[in-house]
Amino acid sequence: MRLDKFLKISRLIKRRTLAKEVADQGRITVNGNQAKAATNIQVGDELVIQFGQKVLTLEVKNLRENVKKDEATTLYEIVKEEAVHQS
């Protein structure tokens, strides 16, 4: 599954176009490698996403074409969440 689609379906990022912009800005890595919106992700991949003032590290647990809102969190597991301190 494409990275931008996964981010939208899992509701980590609300819109696919926004997910693409975040990826194109270099704020997402997959297994330690810089990711583009079209990067294919698989179960077990580690995503690191930088959202403004926080960095979210998560593991892909499941890939599904569509999920209900309350099931979206079953697609991933948050490994760690940390605030970014700007100096």
# chains A, B, ... in the order shown; residues from 1 in each chain; ligands from 1
>>> select_by_dssp(residues="stretch 25-82 of chain A", states="strand (DSSP E)", output="MDAnalysis selection string")
chainID A and resid 28:30 33:34 46:51 54:60 76:82
>>> select_by_dssp(residues="chain A", states="helix (DSSP H, G or I)", output="MDAnalysis selection string")
chainID A and resid 3:9 16:24 69:75
>>> closest_residue(among="A:Arg27, A:Asn33, A:Glu82, A:Glu77", to="A:Gln53", atoms="only C-alpha atoms")
A:Glu82
>>> atom_distance(atom1="atom CA of A:Tyr76", atom2="atom CA of A:Gly44")
9.3 Å
>>> residues_around(residues="A:Lys54", least_positions_apart="6", cutoff="8 Å", atoms="only C-alpha atoms", output="PyMOL selection string")
chain A and resi 81-84
>>> atom_distance(atom1="atom CA of A:Gly32", atom2="atom CA of A:Glu59")
12.3 Å
>>> residues_around(residues="A:Lys20", least_positions_apart="5", cutoff="10 Å", atoms="only C-alpha atoms", output="PyMOL selection string")
chain A and resi 3-5+7-8+13+15+25+36-38
